[in-house]
>>> print(open('entry27.csv').read())   # CSV, C-alpha atoms and all ligand atoms
chain,number,residue,atom,x,y,z
A,843,MET,CA,168.5,27.5,123.5
A,844,TYR,CA,167.4,29.5,126.5
A,845,PHE,CA,166.7,33.2,127.1
A,846,ASP,CA,167.2,34.2,130.7
A,847,THR,CA,165.1,37.4,130.8
A,848,HIS,CA,166.1,38.4,134.3
A,849,ALA,CA,169.6,37.9,135.8
A,850,HIS,CA,171.7,40.4,137.8
A,851,TYR,CA,175.2,39.8,136.6
A,852,ASP,CA,176.0,43.4,137.7
A,853,SER,CA,175.7,42.1,141.3
A,854,SER,CA,178.8,42.1,143.5
A,855,LYS,CA,178.0,38.4,144.2
A,856,PHE,CA,179.6,37.7,140.8
A,857,ASP,CA,182.7,39.9,141.4
A,858,ALA,CA,185.0,36.8,141.9
A,859,ASP,CA,184.1,34.9,138.7
A,860,ARG,CA,181.7,37.0,136.6
A,861,ASP,CA,183.6,36.6,133.4
A,862,ALA,CA,184.0,32.8,133.8
A,863,VAL,CA,180.2,32.4,134.5
A,864,LEU,CA,179.2,34.6,131.6
A,865,ARG,CA,181.6,33.0,129.2
A,866,ALA,CA,180.2,29.5,130.1
A,867,LEU,CA,176.6,30.5,129.3
A,868,PRO,CA,176.4,30.2,125.4
A,869,GLU,CA,177.9,26.7,125.5
A,870,SER,CA,175.5,25.6,128.2
A,871,GLY,CA,172.6,26.6,126.0
A,872,VAL,CA,171.8,30.1,127.4
A,873,THR,CA,172.1,32.3,124.3
A,874,LEU,CA,170.3,35.5,125.5
A,875,VAL,CA,170.2,37.3,128.9
A,876,VAL,CA,168.7,40.5,130.1
A,877,ASP,CA,170.4,42.1,133.1
A,878,PRO,CA,168.2,44.7,134.9
A,879,GLY,CA,169.8,47.4,137.0
A,880,ASP,CA,168.6,48.3,140.5
A,881,ASN,CA,169.9,51.9,140.7
A,882,THR,CA,172.0,54.3,138.5
A,883,GLU,CA,175.4,52.7,139.3
A,884,ARG,CA,174.2,49.1,138.8
A,885,SER,CA,172.3,50.0,135.7
A,886,ALA,CA,175.5,51.6,134.3
A,887,ARG,CA,177.3,48.3,135.1
A,888,ALA,CA,174.6,46.3,133.3
A,889,VAL,CA,175.0,48.6,130.2
A,890,ASP,CA,178.8,48.1,130.4
A,891,LEU,CA,178.3,44.3,130.5
A,892,ALA,CA,176.1,44.5,127.4
A,893,GLN,CA,179.0,46.1,125.6
A,894,THR,CA,181.3,43.2,126.5
A,895,TYR,CA,179.0,40.2,126.0
A,896,PRO,CA,177.2,39.9,122.7
A,897,PHE,CA,174.4,37.7,124.2
A,898,LEU,CA,173.7,40.1,127.1
A,899,TYR,CA,171.2,43.0,127.0
A,900,ALA,CA,170.6,45.6,129.7
A,901,ALA,CA,167.6,47.1,131.4
A,902,VAL,CA,168.0,50.3,133.4
A,903,GLY,CA,166.0,51.6,136.4
A,904,TRP,CA,165.7,52.0,140.1
A,905,HIS,CA,164.4,49.1,142.2
A,906,PRO,CA,161.9,50.0,145.1
A,907,GLU,CA,164.3,48.6,147.7
A,908,GLU,CA,166.8,51.4,146.6
A,909,ALA,CA,164.2,54.1,147.3
A,910,GLU,CA,166.4,55.8,149.9
A,911,GLY,CA,169.1,56.6,147.3
A,912,TRP,CA,166.6,58.1,144.7
A,913,THR,CA,167.3,61.9,144.1
A,914,ASP,CA,166.0,64.6,141.8
A,915,GLU,CA,168.7,63.6,139.3
A,916,SER,CA,168.0,59.9,139.2
A,917,LEU,CA,165.3,60.0,136.5
A,918,ASP,CA,167.6,61.9,134.1
A,919,GLU,CA,170.4,59.5,134.8
A,920,ILE,CA,168.2,56.6,133.9
A,921,ARG,CA,167.0,58.4,130.8
A,922,ALA,CA,170.6,59.0,129.7
A,923,LEU,CA,171.5,55.3,130.3
A,924,ALA,CA,168.4,54.1,128.4
A,925,ARG,CA,169.7,55.7,125.3
A,926,ARG,CA,172.9,53.6,125.3
A,927,PRO,CA,173.2,50.6,123.0
A,928,LYS,CA,171.5,47.3,123.8
A,929,VAL,CA,169.2,48.8,126.5
A,930,VAL,CA,166.0,47.0,125.9
A,931,ALA,CA,163.8,47.9,128.9
A,932,ILE,CA,163.2,50.1,131.9
A,933,GLY,CA,163.7,47.9,135.0
A,934,GLU,CA,163.8,46.7,137.6
A,935,ILE,CA,161.1,49.0,138.9
A,936,GLY,CA,158.0,48.5,141.0
A,937,LEU,CA,156.8,48.3,144.6
A,938,ASP,CA,158.0,46.2,147.5
A,939,TYR,CA,156.0,46.3,150.7
A,940,TYR,CA,157.6,43.2,152.1
A,941,TRP,CA,161.0,44.7,152.8
A,942,ASP,CA,160.0,48.3,153.2
A,943,LYS,CA,156.7,49.8,154.2
A,944,THR,CA,158.2,53.1,155.3
A,945,HIS,CA,158.7,54.5,151.8
A,946,CYS,CA,155.4,53.6,150.1
A,947,ASP,CA,154.7,57.1,148.8
A,948,LEU,CA,158.3,57.5,147.5
A,949,GLN,CA,158.2,54.0,145.9
A,950,LYS,CA,155.0,55.0,144.1
A,951,ARG,CA,156.5,58.3,142.9
A,952,MET,CA,159.6,56.5,141.6
A,953,PHE,CA,157.5,53.8,139.9
A,954,ARG,CA,155.2,56.3,138.2
A,955,ALA,CA,158.1,58.4,137.0
A,956,GLN,CA,159.8,55.4,135.5
A,957,LEU,CA,156.6,54.0,133.9
A,958,GLU,CA,156.2,57.4,132.2
A,959,LEU,CA,159.9,57.3,131.1
A,960,ALA,CA,159.2,53.9,129.5
A,961,LEU,CA,156.3,55.3,127.6
A,962,GLU,CA,158.3,58.4,126.6
A,963,LEU,CA,161.1,56.1,125.2
A,964,ASP,CA,158.8,53.4,123.9
A,965,LEU,CA,160.4,50.7,126.0
A,966,PRO,CA,158.9,47.8,127.9
A,967,VAL,CA,159.1,47.6,131.7
A,968,ILE,CA,160.3,44.9,134.1
A,969,VAL,CA,158.1,45.1,137.2
A,970,HIS,CA,159.0,43.9,140.7
A,971,ASP,CA,155.9,43.4,142.8
A,972,ARG,CA,156.3,42.0,146.2
A,973,ASP,CA,153.3,42.2,148.6
A,974,ALA,CA,152.0,45.2,146.6
A,975,HIS,CA,149.7,43.5,144.1
A,976,GLY,CA,146.8,45.9,144.4
A,977,ASP,CA,148.9,49.1,144.1
A,978,CYS,CA,151.0,47.7,141.3
A,979,LEU,CA,148.0,46.6,139.2
A,980,GLU,CA,146.3,50.0,139.8
A,981,LEU,CA,149.4,51.9,138.8
A,982,VAL,CA,150.1,50.0,135.6
A,983,ARG,CA,146.4,50.2,134.6
A,984,GLY,CA,146.7,53.9,134.7
A,985,TYR,CA,148.9,54.0,131.6
A,986,ASP,CA,147.5,53.1,128.2
A,987,GLY,CA,150.1,51.5,125.9
A,988,LEU,CA,152.4,50.4,128.7
A,989,ARG,CA,153.9,46.9,128.0
A,990,GLY,CA,156.2,44.7,129.9
A,991,VAL,CA,156.6,41.8,132.3
A,992,PHE,CA,155.6,41.2,135.9
A,993,HIS,CA,158.9,39.6,137.0
A,994,CYS,CA,158.6,36.5,139.3
A,995,PHE,CA,154.9,36.9,139.3
A,996,SER,CA,153.4,36.1,142.7
A,997,GLY,CA,149.8,37.4,142.4
A,998,SER,CA,146.5,35.6,142.0
A,999,VAL,CA,145.1,34.0,138.9
A,1000,GLU,CA,142.6,36.9,138.7
A,1001,MET,CA,145.4,39.4,138.8
A,1002,ALA,CA,147.3,37.4,136.2
A,1003,GLN,CA,144.2,37.4,133.9
A,1004,ALA,CA,143.8,41.2,134.4
A,1005,LEU,CA,147.4,41.7,133.2
A,1006,LEU,CA,147.2,39.2,130.4
A,1007,ARG,CA,144.1,40.9,129.0
A,1008,ARG,CA,146.2,44.1,128.8
A,1009,GLY,CA,149.0,42.3,126.9
A,1010,TRP,CA,151.5,41.8,129.8
A,1011,TYR,CA,153.9,38.9,130.1
A,1012,LEU,CA,154.5,36.9,133.3
A,1013,GLY,CA,157.9,35.9,134.5
A,1014,PHE,CA,158.5,32.5,136.2
A,1015,ASP,CA,161.5,31.7,138.3
A,1016,GLY,CA,163.0,29.2,140.8
A,1017,PRO,CA,160.1,29.3,143.2
A,1018,ILE,CA,157.9,27.3,140.8
A,1019,THR,CA,160.3,24.4,141.5
A,1020,TYR,CA,159.8,24.6,145.3
A,1021,LYS,CA,157.7,22.1,147.2
A,1022,ASN,CA,155.3,24.7,148.6
A,1023,ALA,CA,154.5,26.2,145.1
A,1024,VAL,CA,150.7,26.1,144.7
A,1025,ARG,CA,149.5,29.5,143.6
A,1026,ALA,CA,152.4,30.1,141.2
A,1027,LEU,CA,151.6,26.7,139.5
A,1028,GLU,CA,147.9,27.7,139.2
A,1029,VAL,CA,148.9,30.9,137.5
A,1030,LEU,CA,151.3,29.0,135.3
A,1031,ARG,CA,148.6,26.7,134.1
A,1032,ALA,CA,146.3,29.7,133.4
A,1033,CYS,CA,148.9,31.6,131.5
A,1034,PRO,CA,149.0,31.0,127.7
A,1035,MET,CA,152.3,29.8,126.4
A,1036,ASP,CA,152.9,32.9,124.4
A,1037,ARG,CA,153.0,35.1,127.5
A,1038,ILE,CA,155.4,33.2,129.6
A,1039,LEU,CA,159.0,34.3,130.2
A,1040,LEU,CA,161.7,32.3,131.9
A,1041,GLU,CA,163.9,34.1,134.5
A,1042,THR,CA,166.4,33.1,137.1
A,1043,ASP,CA,166.7,36.4,139.1
A,1044,SER,CA,170.3,35.3,139.5
A,1045,PRO,CA,172.1,35.4,142.0
A,1046,TYR,CA,168.9,34.9,144.0
A,1047,LEU,CA,166.1,32.3,143.9
A,1048,ALA,CA,168.1,29.3,142.7
A,1049,PRO,CA,165.7,26.5,141.7
A,1050,VAL,CA,165.6,23.0,143.2
A,1051,PRO,CA,168.0,21.1,143.2
A,1052,ASN,CA,170.3,24.0,143.7
A,1053,ARG,CA,168.1,26.0,146.1
A,1054,GLY,CA,170.1,28.0,148.7
A,1055,ARG,CA,173.1,28.3,146.4
A,1056,ARG,CA,174.1,31.3,144.3
A,1057,ASN,CA,172.0,31.1,141.2
A,1058,ASP,CA,173.1,31.6,137.6
A,1059,SER,CA,171.4,31.2,134.2
A,1060,ARG,CA,172.6,27.6,133.8
A,1061,ASN,CA,169.8,26.7,136.2
A,1062,LEU,CA,167.2,27.8,133.7
A,1063,PRO,CA,166.4,24.2,132.5
A,1064,TYR,CA,165.1,23.3,135.9
A,1065,ILE,CA,162.5,26.1,135.7
A,1066,ALA,CA,161.7,25.1,132.1
A,1067,ALA,CA,161.2,21.5,133.1
A,1068,VAL,CA,158.4,22.5,135.5
A,1069,VAL,CA,156.7,24.7,132.8
A,1070,ALA,CA,157.0,21.7,130.5
A,1071,ARG,CA,155.4,19.3,133.0
A,1072,GLU,CA,152.5,21.7,133.7
A,1073,LYS,CA,151.9,22.5,130.1
A,1074,GLY,CA,152.4,18.9,128.7
A,1075,LEU,CA,155.3,20.1,126.5
A,1076,THR,CA,158.9,19.1,126.1
A,1077,THR,CA,161.6,21.4,127.7
A,1078,GLU,CA,162.8,22.1,124.2
A,1079,GLU,CA,159.4,23.3,123.2
A,1080,VAL,CA,159.2,25.5,126.3
A,1081,ALA,CA,162.7,26.9,125.6
A,1082,ALA,CA,161.8,27.7,122.0
A,1083,ALA,CA,158.5,29.4,122.9
A,1084,THR,CA,159.9,31.5,125.8
A,1085,MET,CA,162.9,32.5,123.6
A,1086,GLU,CA,160.5,33.8,121.0
A,1087,ASN,CA,158.4,35.6,123.7
A,1088,GLY,CA,161.4,37.3,125.2
A,1089,LYS,CA,162.7,38.4,121.7
A,1090,GLN,CA,159.2,39.8,121.0
A,1091,LEU,CA,158.8,41.8,124.2
A,1092,PHE,CA,162.4,43.2,124.2
A,1093,GLY,CA,162.6,43.8,120.5
A,1094,ILE,CA,165.6,41.6,120.0
A,1095,ARG,CA,166.1,40.2,116.4
B,1,NI,NI,165.5,41.0,140.1
>>> encode(input="entry27.csv", output="structure tokens", more="lines below")
Ligand code: NI
Amino acid sequence: MYFDTHAHYDSSKFDADRDAVLRALPESGVTLVVDPGDNTERSARAVDLAQTYPFLYAAVGWHPEEAEGWTDESLDEIRALARRPKVVAIGEIGLDYYWDKTHCDLQKRMFRAQLELALELDLPVIVHDRDAHGDCLELVRGYDGLRGVFHCFSGSVEMAQALLRRGWYLGFDGPITYKNAVRALEVLRACPMDRILLETDSPYLAPVPNRGRRNDSRNLPYIAAVVAREKGLTTEEVAAATMENGKQLFGIR
């Protein structure tokens, strides 16, 4: 049984067949999913999906790529959504200097506001960090008691260790199956089994052998297989351990 801790089923890329894909998940072995929102509208959609599908939970937040849409009301909208049933985290939040270097200060303001909201509501966070390792680490270090996952972790082993010492989890996705994966595998080997989460980031980042296609949670075993190979475990052991880790972080019983 697999837990996909990061899949965007609220995305319009699933408009044509969302229900069919979601209904197929439990019988294909994916029995838990967290769907993080990228802005108020998409977070509300994730919350709605959580009402429809018993195995799906929502996270609510504003993604750094959505910075241009952030207004004075956005934080209160997310706070209200966070109080809805089956919301288990604040996310996807963070910093992205790859796509957008023009809104760095705004991105940091949004990120801080949402980290503080997570502390206020006692929820974990789902962090997106792309080409912003130094600033992300500095910001999360500024808040005692903050917990969560660095989603699709792409930093160094040293950064991973700094986060692990503070109790963070690291998310591993399709890129660990790619031929050019080197640093992500070093981080994977250095990360204890009880801090690893499996994620697809669907509809993006499909693992080999489905790279380039639309991703969904049924591809999770390909990611688990790489973790199993690197850790000397079976995929079943990896599935069980990461299921437990996800339940622990997101408080799902
Ligand atoms: Ni994502």
>>> atom_distance(input="entry27.csv", atom1="atom CA of Leu979 of chain A", atom2="atom CA of Phe845 of chain A")
26.0 Å
>>> residues_around(input="entry27.csv", residues="Pro1049 of chain A", least_positions_apart="3", cutoff="6 Å", atoms="all atoms listed in the file", output="list in words")
Gly1016, Thr1019, Asn1052 and Arg1053 of chain A
>>> closest_atom_pairs(input="entry27.csv", of="chain A", to="ligand NI 1 (chain B)", cutoff="12 Å", atoms="all atoms listed in the file", output="JSON lines")
{"residue": "A:Asp846", "atom": "CA", "partner": "B:NI1", "partner_atom": "NI", "distance": 11.7}
{"residue": "A:Thr847", "atom": "CA", "partner": "B:NI1", "partner_atom": "NI", "distance": 10.0}
{"residue": "A:His848", "atom": "CA", "partner": "B:NI1", "partner_atom": "NI", "distance": 6.4}
{"residue": "A:Ala849", "atom": "CA", "partner": "B:NI1", "partner_atom": "NI", "distance": 6.7}
{"residue": "A:His850", "atom": "CA", "partner": "B:NI1", "partner_atom": "NI", "distance": 6.6}
{"residue": "A:Tyr851", "atom": "CA", "partner": "B:NI1", "partner_atom": "NI", "distance": 10.4}
{"residue": "A:Asp852", "atom": "CA", "partner": "B:NI1", "partner_atom": "NI", "distance": 11.0}
{"residue": "A:Ser853", "atom": "CA", "partner": "B:NI1", "partner_atom": "NI", "distance": 10.3}
{"residue": "A:Val876", "atom": "CA", "partner": "B:NI1", "partner_atom": "NI", "distance": 10.5}
{"residue": "A:Asp877", "atom": "CA", "partner": "B:NI1", "partner_atom": "NI", "distance": 8.6}
{"residue": "A:Pro878", "atom": "CA", "partner": "B:NI1", "partner_atom": "NI", "distance": 6.9}
{"residue": "A:Gly879", "atom": "CA", "partner": "B:NI1", "partner_atom": "NI", "distance": 8.3}
{"residue": "A:Asp880", "atom": "CA", "partner": "B:NI1", "partner_atom": "NI", "distance": 7.9}
{"residue": "A:Asn881", "atom": "CA", "partner": "B:NI1", "partner_atom": "NI", "distance": 11.8}
{"residue": "A:Arg884", "atom": "CA", "partner": "B:NI1", "partner_atom": "NI", "distance": 12.0}
{"residue": "A:Ala901", "atom": "CA", "partner": "B:NI1", "partner_atom": "NI", "distance": 10.8}
{"residue": "A:Val902", "atom": "CA", "partner": "B:NI1", "partner_atom": "NI", "distance": 11.7}
{"residue": "A:Gly903", "atom": "CA", "partner": "B:NI1", "partner_atom": "NI", "distance": 11.2}
{"residue": "A:Trp904", "atom": "CA", "partner": "B:NI1", "partner_atom": "NI", "distance": 11.0}
{"residue": "A:His905", "atom": "CA", "partner": "B:NI1", "partner_atom": "NI", "distance": 8.4}
{"residue": "A:Pro906", "atom": "CA", "partner": "B:NI1", "partner_atom": "NI", "distance": 10.9}
{"residue": "A:Glu907", "atom": "CA", "partner": "B:NI1", "partner_atom": "NI", "distance": 10.8}
{"residue": "A:Gly933", "atom": "CA", "partner": "B:NI1", "partner_atom": "NI", "distance": 8.8}
{"residue": "A:Glu934", "atom": "CA", "partner": "B:NI1", "partner_atom": "NI", "distance": 6.5}
{"residue": "A:Ile935", "atom": "CA", "partner": "B:NI1", "partner_atom": "NI", "distance": 9.2}
{"residue": "A:Gly936", "atom": "CA", "partner": "B:NI1", "partner_atom": "NI", "distance": 10.6}
{"residue": "A:Asp938", "atom": "CA", "partner": "B:NI1", "partner_atom": "NI", "distance": 11.7}
{"residue": "A:Ile968", "atom": "CA", "partner": "B:NI1", "partner_atom": "NI", "distance": 8.8}
{"residue": "A:Val969", "atom": "CA", "partner": "B:NI1", "partner_atom": "NI", "distance": 8.9}
{"residue": "A:His970", "atom": "CA", "partner": "B:NI1", "partner_atom": "NI", "distance": 7.1}
{"residue": "A:Asp971", "atom": "CA", "partner": "B:NI1", "partner_atom": "NI", "distance": 10.3}
{"residue": "A:Arg972", "atom": "CA", "partner": "B:NI1", "partner_atom": "NI", "distance": 11.1}
{"residue": "A:Val991", "atom": "CA", "partner": "B:NI1", "partner_atom": "NI", "distance": 11.9}
{"residue": "A:Phe992", "atom": "CA", "partner": "B:NI1", "partner_atom": "NI", "distance": 10.8}
{"residue": "A:His993", "atom": "CA", "partner": "B:NI1", "partner_atom": "NI", "distance": 7.4}
{"residue": "A:Cys994", "atom": "CA", "partner": "B:NI1", "partner_atom": "NI", "distance": 8.3}
{"residue": "A:Phe995", "atom": "CA", "partner": "B:NI1", "partner_atom": "NI", "distance": 11.4}
{"residue": "A:Gly1013", "atom": "CA", "partner": "B:NI1", "partner_atom": "NI", "distance": 10.7}
{"residue": "A:Phe1014", "atom": "CA", "partner": "B:NI1", "partner_atom": "NI", "distance": 11.7}
{"residue": "A:Asp1015", "atom": "CA", "partner": "B:NI1", "partner_atom": "NI", "distance": 10.3}
{"residue": "A:Glu1041", "atom": "CA", "partner": "B:NI1", "partner_atom": "NI", "distance": 9.0}
{"residue": "A:Thr1042", "atom": "CA", "partner": "B:NI1", "partner_atom": "NI", "distance": 8.5}
{"residue": "A:Asp1043", "atom": "CA", "partner": "B:NI1", "partner_atom": "NI", "distance": 4.9}
{"residue": "A:Ser1044", "atom": "CA", "partner": "B:NI1", "partner_atom": "NI", "distance": 7.5}
{"residue": "A:Pro1045", "atom": "CA", "partner": "B:NI1", "partner_atom": "NI", "distance": 8.9}
{"residue": "A:Tyr1046", "atom": "CA", "partner": "B:NI1", "partner_atom": "NI", "distance": 8.0}
{"residue": "A:Leu1047", "atom": "CA", "partner": "B:NI1", "partner_atom": "NI", "distance": 9.5}
{"residue": "A:Asn1057", "atom": "CA", "partner": "B:NI1", "partner_atom": "NI", "distance": 11.9}
>>> closest_residue(input="entry27.csv", among="A:Gly984, A:Pro1017, A:Pro966, A:Gly990", to="Leu1062 of chain A", atoms="only C-alpha atoms")
A:Pro1017
>>> residues_around(input="entry27.csv", residues="Ala1081 of chain A", least_positions_apart="2", cutoff="8 Å", atoms="only C-alpha atoms", output="VMD selection string")
chain A and resid 843 to 845 1066 1077 to 1079 1083 to 1085
>>> atom_distance(input="entry27.csv", atom1="atom CA of Ile1065 of chain A", atom2="atom CA of Leu1039 of chain A")
10.5 Å
>>> residues_around(input="entry27.csv", residues="segment 911-926 of chain A", least_positions_apart="2", cutoff="12 Å", atoms="only C-alpha atoms", output="JSON, numbers by chain")
{"A": [878, 879, 880, 881, 882, 883, 884, 885, 886, 887, 888, 889, 890, 891, 892, 893, 899, 900, 901, 902, 903, 904, 905, 906, 907, 908, 909, 928, 929, 930, 931, 932, 933, 934, 935, 945, 948, 949, 951, 952, 953, 954, 955, 956, 957, 958, 959, 960, 961, 962, 963, 964, 965, 966, 967]}
>>> build_atoms(input="entry27.csv", residues="segment 1044-1054 of chain A", atoms="all heavy atoms", output="PDB file, keeping the file's coordinate frame")
ATOM      1  N   SER A1044     169.002  35.539 138.995  1.00  0.00           N
ATOM      2  CA  SER A1044     170.300  35.300 139.500  1.00  0.00           C
ATOM      3  C   SER A1044     170.895  36.637 140.084  1.00  0.00           C
ATOM      4  O   SER A1044     170.648  37.677 139.488  1.00  0.00           O
ATOM      5  CB  SER A1044     171.283  34.840 138.430  1.00  0.00           C
ATOM      6  OG  SER A1044     170.826  33.613 137.920  1.00  0.00           O
ATOM      7  N   PRO A1045     171.604  36.607 141.211  1.00  0.00           N
ATOM      8  CA  PRO A1045     172.100  35.400 142.000  1.00  0.00           C
ATOM      9  C   PRO A1045     171.118  34.866 142.972  1.00  0.00           C
ATOM     10  O   PRO A1045     171.490  33.993 143.745  1.00  0.00           O
ATOM     11  CB  PRO A1045     173.311  36.053 142.709  1.00  0.00           C
ATOM     12  CG  PRO A1045     172.882  37.468 142.997  1.00  0.00           C
ATOM     13  CD  PRO A1045     172.074  37.890 141.792  1.00  0.00           C
ATOM     14  N   TYR A1046     169.871  35.355 142.962  1.00  0.00           N
ATOM     15  CA  TYR A1046     168.900  34.900 144.000  1.00  0.00           C
ATOM     16  C   TYR A1046     168.027  33.772 143.422  1.00  0.00           C
ATOM     17  O   TYR A1046     168.068  33.455 142.233  1.00  0.00           O
ATOM     18  CB  TYR A1046     167.963  36.105 144.346  1.00  0.00           C
ATOM     19  CG  TYR A1046     168.731  37.376 144.595  1.00  0.00           C
ATOM     20  CD1 TYR A1046     168.699  38.432 143.697  1.00  0.00           C
ATOM     21  CD2 TYR A1046     169.539  37.499 145.725  1.00  0.00           C
ATOM     22  CE1 TYR A1046     169.435  39.580 143.911  1.00  0.00           C
ATOM     23  CE2 TYR A1046     170.280  38.659 145.945  1.00  0.00           C
ATOM     24  CZ  TYR A1046     170.226  39.698 145.031  1.00  0.00           C
ATOM     25  OH  TYR A1046     170.961  40.823 145.236  1.00  0.00           O
ATOM     26  N   LEU A1047     167.196  33.208 144.304  1.00  0.00           N
ATOM     27  CA  LEU A1047     166.100  32.300 143.900  1.00  0.00           C
ATOM     28  C   LEU A1047     166.516  31.072 143.131  1.00  0.00           C
ATOM     29  O   LEU A1047     165.816  30.670 142.202  1.00  0.00           O
ATOM     30  CB  LEU A1047     165.028  33.070 143.138  1.00  0.00           C
ATOM     31  CG  LEU A1047     164.337  34.257 143.805  1.00  0.00           C
ATOM     32  CD1 LEU A1047     163.299  34.864 142.854  1.00  0.00           C
ATOM     33  CD2 LEU A1047     163.657  33.837 145.096  1.00  0.00           C
ATOM     34  N   ALA A1048     167.638  30.451 143.472  1.00  0.00           N
ATOM     35  CA  ALA A1048     168.100  29.300 142.700  1.00  0.00           C
ATOM     36  C   ALA A1048     166.975  28.173 142.812  1.00  0.00           C
ATOM     37  O   ALA A1048     166.392  27.946 143.876  1.00  0.00           O
ATOM     38  CB  ALA A1048     169.364  28.714 143.292  1.00  0.00           C
ATOM     39  N   PRO A1049     166.690  27.519 141.706  1.00  0.00           N
ATOM     40  CA  PRO A1049     165.700  26.500 141.700  1.00  0.00           C
ATOM     41  C   PRO A1049     166.185  25.182 142.371  1.00  0.00           C
ATOM     42  O   PRO A1049     167.400  24.985 142.495  1.00  0.00           O
ATOM     43  CB  PRO A1049     165.409  26.220 140.217  1.00  0.00           C
ATOM     44  CG  PRO A1049     166.675  26.620 139.528  1.00  0.00           C
ATOM     45  CD  PRO A1049     167.262  27.735 140.362  1.00  0.00           C
ATOM     46  N   VAL A1050     165.253  24.326 142.776  1.00  0.00           N
ATOM     47  CA  VAL A1050     165.600  23.000 143.200  1.00  0.00           C
ATOM     48  C   VAL A1050     166.221  22.302 141.931  1.00  0.00           C
ATOM     49  O   VAL A1050     165.703  22.503 140.833  1.00  0.00           O
ATOM     50  CB  VAL A1050     164.309  22.215 143.615  1.00  0.00           C
ATOM     51  CG1 VAL A1050     164.594  20.734 143.840  1.00  0.00           C
ATOM     52  CG2 VAL A1050     163.715  22.865 144.863  1.00  0.00           C
ATOM     53  N   PRO A1051     167.332  21.594 142.014  1.00  0.00           N
ATOM     54  CA  PRO A1051     168.000  21.100 143.200  1.00  0.00           C
ATOM     55  C   PRO A1051     169.135  21.923 143.727  1.00  0.00           C
ATOM     56  O   PRO A1051     169.871  21.461 144.586  1.00  0.00           O
ATOM     57  CB  PRO A1051     168.571  19.732 142.665  1.00  0.00           C
ATOM     58  CG  PRO A1051     168.949  20.057 141.249  1.00  0.00           C
ATOM     59  CD  PRO A1051     167.915  21.051 140.770  1.00  0.00           C
ATOM     60  N   ASN A1052     169.235  23.158 143.280  1.00  0.00           N
ATOM     61  CA  ASN A1052     170.300  24.000 143.700  1.00  0.00           C
ATOM     62  C   ASN A1052     169.855  25.124 144.679  1.00  0.00           C
ATOM     63  O   ASN A1052     170.572  26.101 144.898  1.00  0.00           O
ATOM     64  CB  ASN A1052     171.050  24.627 142.531  1.00  0.00           C
ATOM     65  CG  ASN A1052     171.776  23.562 141.740  1.00  0.00           C
ATOM     66  OD1 ASN A1052     172.375  22.655 142.320  1.00  0.00           O
ATOM     67  ND2 ASN A1052     171.699  23.627 140.422  1.00  0.00           N
ATOM     68  N   ARG A1053     168.656  24.962 145.211  1.00  0.00           N
ATOM     69  CA  ARG A1053     168.100  26.000 146.100  1.00  0.00           C
ATOM     70  C   ARG A1053     169.043  26.262 147.255  1.00  0.00           C
ATOM     71  O   ARG A1053     169.651  25.349 147.823  1.00  0.00           O
ATOM     72  CB  ARG A1053     166.757  25.435 146.688  1.00  0.00           C
ATOM     73  CG  ARG A1053     165.999  26.487 147.446  1.00  0.00           C
ATOM     74  CD  ARG A1053     164.627  26.000 147.881  1.00  0.00           C
ATOM     75  NE  ARG A1053     163.927  27.093 148.562  1.00  0.00           N
ATOM     76  CZ  ARG A1053     162.722  27.017 149.080  1.00  0.00           C
ATOM     77  NH1 ARG A1053     162.044  25.890 148.999  1.00  0.00           N
ATOM     78  NH2 ARG A1053     162.174  28.058 149.670  1.00  0.00           N
ATOM     79  N   GLY A1054     169.184  27.585 147.557  1.00  0.00           N
ATOM     80  CA  GLY A1054     170.100  28.000 148.700  1.00  0.00           C
ATOM     81  C   GLY A1054     171.456  28.369 148.188  1.00  0.00           C
ATOM     82  O   GLY A1054     172.190  29.025 148.907  1.00  0.00           O
TER      83      GLY A1054
END
